[in-house]
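Structure first, then comments.
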Amino acid sequence: MKDKSLKKVLVIGSGPIVIGQAAEFDYAGTQACRALREEGIEIVLVNSNPATIMTDEGIADKVYIEPLTLDCLSEIIIKERPQGLIATLGGQTGLNLACELYDSGILNEYKVRLLGTNIESIKKAEDRELFKNLMNEINEPIPDSAIVSSYEEAYQFYEKIGFPIIIRPAFTLGGSGGGIARNGKEYEEIVHSGLMQSPINQVLVEKSIAGFKEIEYEVIRDANDTCIIICNMENIDPIGIHTGDSFVVAPSQTLTNNEYQMLRSSAIKIARALKIEGGCNVQFALDTTSNQYYVIEVNPRVSRSSALASKATGYPIAKISTKIAVGYNLYEIKNPITNKTAAFEPALDYIVTKIPKWPFDKFSSGDRILGTKMKATGEIMAIGRTFNSSFKKAVASLEERYTGLLHRGFEQLSNDDLLCELSIQDDRRIFRLAQALYNNNEINTLCTITKIDKWFIAKIKEIVDMEKTLSCEELTRELYIKAKQFGFLDSEIMLLTGATEETLAAFEVEASFRIVDTCAAEFEATTPYFYSTYNEFDEVEEYKKSLEEEYKNSRGTILVLGSGPIRIGQGIEFDYCSVHAARQLISQGWEAVMVNSNPETLSTDFDIATRLYFEPMNIEYIMNIVKKENPKGVLVQFGGQTAINLAEKLDKEGIKILGTSIKSINATEDRKIFEKLLKELRIPQPKGCAVTSATAALSAVKELNYPVLVRPSYVIGGRGMQVVYNDEELLTYITEALKFSNEHPVLIDQYIEGMEVELDAISDGRDILIPGICEHIERAGVHSGDSMSIYPSQNISKKNERILVNYATRIAQKLNIKGLMNIQFIIKDDKVYVIEVNPRASRTVPIMSKVTGIPMTKIAVDAILGKSIRRAGFGVGLYRKTNLVSVKMPVFSWQKLNRIDPALAPEMKSTGEVLGVDTTYKRALYKAFLAGGHKFSKSKQRVLVSLNDHCKKPALPMLRRLFRQGFFIMATWGTHKFLEKNGIPSKMIEKFMIDKLQKRMKDGRLSFIINTPTTGKNSQNAGFKIRTIAQMYCIPSFTSIDTANAFLCAYRVFDKNTELTYDTITNYRKKSFLDIFK
Amino acid sequence: MATLLLQDGSIIKGNSFGAIGAYEGEIVFNTSIVGYQEILTDPSYAGQIIVMTYPEIGNYGINNTDFESDKPALLGFVVKNVSQVESHYQSRDTLTQYLKSKNIVALDNIDTRSLVKKIREYGTMAAYITSSDLDVFQINEKLEKLNNFYTKKDIILDVSPKQKYEFNNDGKINMAFIDYGAKKGILNSLAKRGCKLTVFPATVSAQEILEGNFDALFLSNGPGDPANYTFQIAQIKELMGNLPIFGICLGYQLLALAAGASTYKLKYGHRGANHPVFNLENQKVIMTSQNHGYAVDINSITAIMRPTYINLNDRTLEGFEISGQRVYAVQFHPEANPGPKDAEIIFDEWINIARRDIIRINEVKNER
């Protein structure tokens, strides 16, 4: 039964989105909060990530957007006095913090109970040694391993076992710092970086069982010891590739009942031994030629896999875990889908495929090899009635240029080369495999090379064969149906067969939708959760009929497009917007239909929208839904670039785009029209032009003068954007860019190195409401997603503020913007330039909503539906400044990605963000750095400074400050000379003595690095090397002098022994200036 | 095109992938995700046509170890998609070849989800499965016939052994085992725990069991309507109280009938590997493997019967004991195969009861 003594509970979020910890914890945390609310429990929520839904004031009672540090959490506990703490829903971050809080004695002192799985269990699962002992105790097999805290110990293990060896650092998320070593050099490198990254300086070295099947079980256990499995999952990729980077299917496809049950029993035994109370995930390795298995890992918490399992089965794992945490037993909880008990194991009558989404399209120089360290930023999931359709749909969900398995460039390789490359374990492996099948290689040969199970390979062959059949046989209705059942798109079929749209339409074959019901139709269920299939009975009509009564007063249906997988440049903020849009539609009497392909998000929870379609974000799939739903229109402005990219296609199909028109969207994206528009409005903009050849580019820069900003048109997150300083760089860029996409020209702009300013606005076409103006810390040239930004702006004159509002208003009116809009400006020499207009929700909408208290998405939806902004109650024009100051800071995932230059550039690289909030700029800035994971230390250490030529002069004030603040400056030759000339002492260091530097970093004798990059993407240069080595040892490197300056400013706050206070976002907004002096 | 006709008038077309032929039987569905080999060879499916709700079937082929009996007792097998390849190191046959060799008619490319919904709504019903295409005339004729379909009353005799035999001679506990169509899993579970089993046909008399001087009696699972088996019920009545008796599935139902309770036919039965069963003693829920079309009416149980397990889905009775008479029985399958092993512990509990009973008897003997 519910623990009645619980009145107030603290929920810890997972902080910024980084690789290995993405939107799934916002989903889990939000579900937990909703479950607590159902129980009438007051919720205190702490998370530093402002883009999350969980940090909405409507989700928790008290929302603290504060750094996830021991100090901060302790203060909040002392202030709020919660009776309980839930830590198993905030990912590894939440879990580690709970352990720290426990160890510090705070929990005990203030009588805060850890709800759900207890601390001993968490430690037993997380600490390699304790876990190993426990497994030995209960006779569960684990691979030979040793826990080491030095390379010497690791070497001893190698002498006993031999290579290959897997290295896993303790207490890190997404396996960061780990890897497989096949030789001594790799071994030493990985062990060192692992030791460095583990907060307890401990790594596990383990006999490699690469090639085994990798199987996962999602377990739920209650305090009364009822223990069930929600779902098992099989990785198509064998052991050796991190499960977050693997193609995964649910349920397992190649296990016999005996194997399935053997592992199930083991998972349950482990959950019992650990006394898990809530969700937990157990990973196994299973031999392919015997029933030998090993337990690989246990996560004593809700995880990425449990989010996937929840979406794959319909079983709300986070919600049920929360109910268990507050005292319920499983049999007392209802399965919301079937209204029967939650103490059951879902039965699936479909197959789910998950494919990771990697950032290699943005990081073309990045190391694409996949191993034990996760590299994907997000994932997509697809549901199909057969493996083939599920898999094919999943590939189409990736939103890549190609929707199929073939034509990925591997057809140009000779078969021998292809087979050779097939052993490379990278993100493109499945496509090489498909090509190898197309080339008629034997399944068994491919099996031997890839270690992928024969069944999967044979199934992929069926898809490849279908493609062959389509290209050589006549397209009959029967063949068409079969191809559709396999998941082929009409566009693919037309391309392969030469058939026209009319031919296909004449077949009169329509998609049918089925329900995800947790029970394989055994019981009646009315879940509004659908996926498409072909040649089967459709359940949407039936479903709608059953709820006719409920929707008799409905104003109609509106489609909301989600934003697909989390990737750099398109993160959780768009899920925030989609969810709010759907909720607002519902509250206004509409039926909101959500379409999305991302299993990690809240938008794909079946009780967010009126109906959910889990489908690829592809025009054909969306049109199938349109045919079923007959919506009054579609909202595209909340789903990021993914949704915007679909707008034109939907418009062509005659679907009404609600809000800002297609014409206006195009006007902002088509450079020529946009340029003309601003000219008409007499709004200044950087000069620029579009070119489609190198010669044109060279003549263009004659007029624009270097430096210039170059980028391809139509972009997500500034992909491929760069500042270039001379002809050579320009030519390299142009040649590359035209190779990448010759459909769209390359844009060349004058590069204005001024202050970058950005604002979000809501417009009804007549009036606009601007919640606030943000000022970037880094000068223009750094992507807005990667810059630190301050709200409210600190350095903009009243006059310029008026100009910004005036420009925004005129643009909104001219374009008849209905809904959200984001504008970016540069202010230089007191002149305001407009650089970009995005007629859609932007990255900053959740932040601005929270810091100003204006529910932007809601007002935007109302405006789209025709309500005047004046009636929203916040006035028009620029909203009054609130009394808080917030600093947004980007967070990067460098530790996960090798060979990526961490230098800030016009191209976005960050994966997430944190927000520092306080009453003054300096404190907010300090909090932002703390939240971003930066360490401050009283004993001043060495700082390495290496600046490029055009940075030196502007950097002088910052360098003086650095010296004054007591840092010991080490500088490379040029910088040293420069410092010397300006009277700042420094020690010269040879740039090329990388080894020596590396040793310093390894020994922790370098605090941070200030290194402005020389231009070009030359990965051979010394600066790049220094920066990447720094990454490896987790030493911050600032590549913009403005960031470094801000860091020194924050350091100053630290040096002054400033006692930080923490408060809810609501209170910060209310605080008057007088409070500060109390 | 192969054809499936249902008593509710549905005409369903699919591909034939099993034997050539046609059968009339009762159509039921199973929601297990894995374990088709065990399901195919479970004798309790005698006379039935099984629909698998899980769409991909045959993935790991057929092996030598996972048989629950020597040959399938079911008539037809209906799936969404049968795998053209099988992949498993133990596999010795494809599902397709196996079904052909065992003369089972099998259909794939069927909209199984819709079919399951029909069964759920209409209830378990008669069906006609054929590997061939039928014309309108034939269809009408067959549909007509389906209305008069009934499962034959003595169907256990089809799957019960003809003669008694012994199993695991090394066992220490001398147990009589009446095989109404037992799954091998039950025999193995008992043997593994030290039982020497004397396996009797369903026609065995109480007298013969009593003469055998056994330590305990086990009543197996099996097909059919339990209320039809009046001879067997009468024998059980006579045996109750004389030695510890354990029953699973049909064995459980027969024990309930012998104890004075009644049984009824469930609308569409329990067949799957995820049935939540609530242990009334410790409030724990276990996941059980089930395969039954009939249930003991929870309202009919007599004073001596103490309920032990309840199904959380539909609150039907799943287990009872008559401690005075040392009778212990469950509706579900603790031997699993296929399904979770959560209930396996019940065998241990029962064996302990049998052991204690042996000790008690020996003590009584010694006192004399």
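Residues are named by chain letter and number: chains run A, B, ... in the order of the structure tokens, numbers start at 1 in each chain, and ligands are numbered from 1 in the order shown.
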Inset, instruction - Find the residues of chain B in contact range of chain A, meaning any atom within 6 Å when counting only C-alpha atoms, and list them as a PyMOL selection string. - result: chain B and resi 34-35+53-55+60+87+89+111+274+276+284-285+313+338+340
Grab the residues selected above and save them as an mmCIF file, in the first residue's frame with N, CA and C atoms.
```cif
data_model
loop_
_atom_site.group_PDB
_atom_site.id
_atom_site.type_symbol
_atom_site.label_atom_id
_atom_site.label_comp_id
_atom_site.auth_asym_id
_atom_site.auth_seq_id
_atom_site.Cartn_x
_atom_site.Cartn_y
_atom_site.Cartn_z
ATOM 1 N N VAL B 34 7.807 -16.878 -27.389
ATOM 2 C CA VAL B 34 8.713 -17.962 -27.778
ATOM 3 C C VAL B 34 8.085 -19.290 -27.375
ATOM 4 N N GLY B 35 8.623 -20.377 -27.909
ATOM 5 C CA GLY B 35 8.179 -21.695 -27.462
ATOM 6 C C GLY B 35 7.199 -22.396 -28.379
ATOM 7 N N THR B 53 -0.240 -15.549 -31.608
ATOM 8 C CA THR B 53 -0.383 -14.095 -31.724
ATOM 9 C C THR B 53 0.947 -13.448 -32.090
ATOM 10 N N TYR B 54 2.057 -14.086 -31.701
ATOM 11 C CA TYR B 54 3.347 -13.509 -32.055
ATOM 12 C C TYR B 54 3.585 -13.731 -33.546
ATOM 13 N N PRO B 55 3.935 -12.691 -34.285
ATOM 14 C CA PRO B 55 3.892 -12.819 -35.751
ATOM 15 C C PRO B 55 5.035 -13.573 -36.435
ATOM 16 N N TYR B 60 13.939 -20.183 -34.916
ATOM 17 C CA TYR B 60 15.059 -20.990 -34.446
ATOM 18 C C TYR B 60 14.883 -22.477 -34.780
ATOM 19 N N SER B 87 17.618 -20.365 -37.622
ATOM 20 C CA SER B 87 18.977 -20.116 -37.197
ATOM 21 C C SER B 87 19.140 -20.466 -35.732
ATOM 22 N N TYR B 89 21.983 -23.133 -33.248
ATOM 23 C CA TYR B 89 22.956 -24.214 -33.295
ATOM 24 C C TYR B 89 22.325 -25.569 -32.987
ATOM 25 N N ASP B 111 -3.882 -12.494 -41.141
ATOM 26 C CA ASP B 111 -4.018 -11.357 -40.230
ATOM 27 C C ASP B 111 -4.413 -11.918 -38.855
ATOM 28 N N ASN B 274 2.132 -15.527 -19.928
ATOM 29 C CA ASN B 274 2.228 -14.319 -19.112
ATOM 30 C C ASN B 274 1.053 -14.152 -18.167
ATOM 31 N N PRO B 276 -0.742 -13.706 -14.918
ATOM 32 C CA PRO B 276 -0.382 -13.344 -13.549
ATOM 33 C C PRO B 276 -1.252 -14.110 -12.543
ATOM 34 N N LYS B 284 2.305 -12.662 -3.322
ATOM 35 C CA LYS B 284 3.206 -12.460 -4.443
ATOM 36 C C LYS B 284 2.507 -12.851 -5.738
ATOM 37 N N VAL B 285 2.937 -12.217 -6.808
ATOM 38 C CA VAL B 285 2.367 -12.562 -8.104
ATOM 39 C C VAL B 285 3.441 -13.304 -8.891
ATOM 40 N N ASN B 313 -5.981 -11.598 -13.920
ATOM 41 C CA ASN B 313 -6.645 -11.026 -15.089
ATOM 42 C C ASN B 313 -8.150 -11.122 -14.963
ATOM 43 N N PRO B 338 6.241 -23.990 -22.838
ATOM 44 C CA PRO B 338 7.080 -22.802 -22.733
ATOM 45 C C PRO B 338 6.566 -21.872 -21.650
ATOM 46 N N PRO B 340 7.579 -18.852 -18.273
ATOM 47 C CA PRO B 340 8.445 -18.533 -17.133
ATOM 48 C C PRO B 340 8.520 -19.678 -16.125
#
```
Can you pull out the residues contacting Ser91 in chain B? Cut-off 10 Å, using only C-alpha atoms, and skip same-chain residues under 5 positions away; I want them as a PDB file with N, CA and C atoms, in the first residue's frame.
```pdb
ATOM      1  N   THR A 256      15.532 -19.551 -28.281  1.00  0.00           N
ATOM      2  CA  THR A 256      14.512 -20.558 -28.026  1.00  0.00           C
ATOM      3  C   THR A 256      13.868 -20.233 -26.687  1.00  0.00           C
TER       4      THR A 256
ATOM      5  N   ASN B  59      11.659 -19.065 -36.238  1.00  0.00           N
ATOM      6  CA  ASN B  59      12.988 -18.443 -36.337  1.00  0.00           C
ATOM      7  C   ASN B  59      14.143 -19.351 -35.941  1.00  0.00           C
ATOM      8  N   TYR B  60      13.939 -20.183 -34.916  1.00  0.00           N
ATOM      9  CA  TYR B  60      15.059 -20.990 -34.446  1.00  0.00           C
ATOM     10  C   TYR B  60      14.883 -22.477 -34.780  1.00  0.00           C
ATOM     11  N   GLY B  61      13.958 -22.759 -35.700  1.00  0.00           N
ATOM     12  CA  GLY B  61      13.799 -24.130 -36.184  1.00  0.00           C
ATOM     13  C   GLY B  61      13.215 -25.078 -35.146  1.00  0.00           C
ATOM     14  N   ILE B  62      13.503 -26.354 -35.346  1.00  0.00           N
ATOM     15  CA  ILE B  62      13.033 -27.404 -34.437  1.00  0.00           C
ATOM     16  C   ILE B  62      14.279 -28.132 -33.950  1.00  0.00           C
ATOM     17  N   ASN B  63      14.380 -28.334 -32.637  1.00  0.00           N
ATOM     18  CA  ASN B  63      15.559 -29.020 -32.103  1.00  0.00           C
ATOM     19  C   ASN B  63      15.182 -30.368 -31.498  1.00  0.00           C
ATOM     20  N   ASN B  64      16.145 -31.048 -30.956  1.00  0.00           N
ATOM     21  CA  ASN B  64      15.884 -32.384 -30.414  1.00  0.00           C
ATOM     22  C   ASN B  64      15.423 -32.376 -28.970  1.00  0.00           C
ATOM     23  N   THR B  65      15.572 -31.244 -28.297  1.00  0.00           N
ATOM     24  CA  THR B  65      15.370 -31.263 -26.843  1.00  0.00           C
ATOM     25  C   THR B  65      14.053 -30.677 -26.376  1.00  0.00           C
ATOM     26  N   GLU B  86      15.918 -20.919 -40.636  1.00  0.00           N
ATOM     27  CA  GLU B  86      15.975 -21.091 -39.210  1.00  0.00           C
ATOM     28  C   GLU B  86      17.424 -20.933 -38.805  1.00  0.00           C
TER      29      GLU B  86
END
```
Inset, instruction - Identify, on the basis of only C-alpha atoms, every residue whose closest approach to range 315-326 of chain B does not exceed 8 Å; exclude the query and any residue fewer than 5 positions from it along the same chain; express the result as an MDAnalysis selection string. - result: chainID B and resid 240:245 252 277 295:298 304:310 331:332
Residue subset to file, keeping C-alpha atoms, as an mmCIF file, in the first residue's frame:
```
data_model
loop_
_atom_site.group_PDB
_atom_site.id
_atom_site.type_symbol
_atom_site.label_atom_id
_atom_site.label_comp_id
_atom_site.auth_asym_id
_atom_site.auth_seq_id
_atom_site.Cartn_x
_atom_site.Cartn_y
_atom_site.Cartn_z
ATOM 1 C CA MET B 240 -8.552 -39.055 -2.159
ATOM 2 C CA GLY B 241 -7.350 -39.314 1.409
ATOM 3 C CA ASN B 242 -5.369 -42.470 0.807
ATOM 4 C CA LEU B 243 -2.166 -40.821 -0.364
ATOM 5 C CA PRO B 244 -0.948 -37.329 -1.241
ATOM 6 C CA ILE B 245 -2.395 -36.327 -4.608
ATOM 7 C CA TYR B 252 -6.493 -30.112 -11.063
ATOM 8 C CA VAL B 277 -1.314 -15.626 -10.698
ATOM 9 C CA ALA B 295 -11.966 -23.455 -15.306
ATOM 10 C CA VAL B 296 -13.089 -24.496 -11.854
ATOM 11 C CA ASP B 297 -16.006 -22.320 -10.786
ATOM 12 C CA ILE B 298 -14.685 -20.334 -7.853
ATOM 13 C CA ILE B 304 -12.887 -28.622 2.352
ATOM 14 C CA MET B 305 -11.211 -26.847 -0.569
ATOM 15 C CA ARG B 306 -8.922 -23.967 0.328
ATOM 16 C CA PRO B 307 -8.112 -21.633 -2.584
ATOM 17 C CA THR B 308 -4.386 -21.043 -2.983
ATOM 18 C CA TYR B 309 -4.007 -19.109 -6.245
ATOM 19 C CA ILE B 310 -6.152 -16.626 -8.167
ATOM 20 C CA GLN B 331 -4.549 -24.907 -12.924
ATOM 21 C CA PHE B 332 -1.390 -23.438 -14.440
#
```
Legend entry - Counting only C-alpha atoms, the residue of B:Ala273, B:Leu5, B:Ile33, B:Ala191 that sits nearest Glu56 in chain B: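 Checking each candidate against Glu56 in chain B, we get B:Ile33 as the closest.
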Inset, instruction - Give me every alpha helix (DSSP H) residue in range 231-271 of chain B, going by DSSP on the backbone, as a list in words. - result: Phe231, Gln232, Ile233, Ala234, Gln235, Ile236, Lys237, Glu238, Leu239, Leu250, Gly251, Tyr252, Gln253, Leu254, Leu255, Ala256, Leu257 and Ala258 of chain B
Output the selection as a JSON list (two decimals), in the first residue's frame - N, CA and C atoms for each residue.
```json
[["chain", "number", "residue", "atom", "x", "y", "z"],
["B", 231, "PHE", "N", -15.56, -41.44, -15.38],
["B", 231, "PHE", "CA", -14.84, -42.62, -14.86],
["B", 231, "PHE", "C", -13.64, -42.16, -14.05],
["B", 232, "GLN", "N", -12.84, -41.25, -14.63],
["B", 232, "GLN", "CA", -11.63, -40.78, -13.98],
["B", 232, "GLN", "C", -11.96, -40.08, -12.66],
["B", 233, "ILE", "N", -13.03, -39.27, -12.68],
["B", 233, "ILE", "CA", -13.41, -38.55, -11.46],
["B", 233, "ILE", "C", -13.75, -39.54, -10.35],
["B", 234, "ALA", "N", -14.46, -40.57, -10.74],
["B", 234, "ALA", "CA", -14.86, -41.57, -9.75],
["B", 234, "ALA", "C", -13.65, -42.25, -9.12],
["B", 235, "GLN", "N", -12.65, -42.57, -9.95],
["B", 235, "GLN", "CA", -11.44, -43.22, -9.43],
["B", 235, "GLN", "C", -10.74, -42.29, -8.44],
["B", 236, "ILE", "N", -10.66, -40.98, -8.83],
["B", 236, "ILE", "CA", -9.96, -40.01, -7.99],
["B", 236, "ILE", "C", -10.66, -39.88, -6.64],
["B", 237, "LYS", "N", -12.00, -39.83, -6.69],
["B", 237, "LYS", "CA", -12.78, -39.75, -5.45],
["B", 237, "LYS", "C", -12.37, -40.86, -4.51],
["B", 238, "GLU", "N", -12.24, -42.05, -5.07],
["B", 238, "GLU", "CA", -11.90, -43.21, -4.26],
["B", 238, "GLU", "C", -10.49, -43.10, -3.67],
["B", 239, "LEU", "N", -9.63, -42.45, -4.43],
["B", 239, "LEU", "CA", -8.22, -42.37, -3.99],
["B", 239, "LEU", "C", -7.98, -41.26, -2.99],
["B", 250, "LEU", "N", -5.68, -30.33, -16.24],
["B", 250, "LEU", "CA", -6.82, -31.25, -16.23],
["B", 250, "LEU", "C", -6.84, -32.02, -14.91],
["B", 251, "GLY", "N", -5.68, -32.42, -14.43],
["B", 251, "GLY", "CA", -5.59, -33.13, -13.16],
["B", 251, "GLY", "C", -6.19, -32.32, -12.02],
["B", 252, "TYR", "N", -5.94, -31.03, -12.06],
["B", 252, "TYR", "CA", -6.49, -30.11, -11.06],
["B", 252, "TYR", "C", -8.01, -30.03, -11.18],
["B", 253, "GLN", "N", -8.47, -29.94, -12.43],
["B", 253, "GLN", "CA", -9.92, -29.84, -12.66],
["B", 253, "GLN", "C", -10.63, -31.10, -12.19],
["B", 254, "LEU", "N", -10.01, -32.25, -12.47],
["B", 254, "LEU", "CA", -10.65, -33.52, -12.07],
["B", 254, "LEU", "C", -10.70, -33.62, -10.55],
["B", 255, "LEU", "N", -9.63, -33.15, -9.88],
["B", 255, "LEU", "CA", -9.61, -33.16, -8.42],
["B", 255, "LEU", "C", -10.72, -32.27, -7.85],
["B", 256, "ALA", "N", -10.91, -31.10, -8.49],
["B", 256, "ALA", "CA", -11.96, -30.19, -8.03],
["B", 256, "ALA", "C", -13.33, -30.83, -8.19],
["B", 257, "LEU", "N", -13.52, -31.48, -9.35],
["B", 257, "LEU", "CA", -14.80, -32.15, -9.58],
["B", 257, "LEU", "C", -15.01, -33.26, -8.56],
["B", 258, "ALA", "N", -13.95, -34.01, -8.29],
["B", 258, "ALA", "CA", -14.03, -35.11, -7.32],
["B", 258, "ALA", "C", -14.33, -34.57, -5.93]]
```
Legend entry - Close residues, Thr919 in chain A itself excluded, 7 Å, only C-alpha atoms, min 3 positions apart in chain, as a PyMOL selection string: chain A and resi 883-885
Using N, CA and C atoms, can you export the residues from the last selection as a PDB file, in the first residue's frame?
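Output contents, as saved in part36.pdb:
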```pdb
ATOM      1  N   ASN A 883      13.194  39.851 -12.736  1.00  0.00           N
ATOM      2  CA  ASN A 883      14.308  40.256 -11.886  1.00  0.00           C
ATOM      3  C   ASN A 883      15.419  39.229 -11.771  1.00  0.00           C
ATOM      4  N   LEU A 884      15.216  38.121 -12.435  1.00  0.00           N
ATOM      5  CA  LEU A 884      16.289  37.141 -12.373  1.00  0.00           C
ATOM      6  C   LEU A 884      17.254  37.370 -13.522  1.00  0.00           C
ATOM      7  N   VAL A 885      18.413  36.776 -13.400  1.00  0.00           N
ATOM      8  CA  VAL A 885      19.322  36.751 -14.533  1.00  0.00           C
ATOM      9  C   VAL A 885      19.609  35.282 -14.804  1.00  0.00           C
TER      10      VAL A 885
END
```
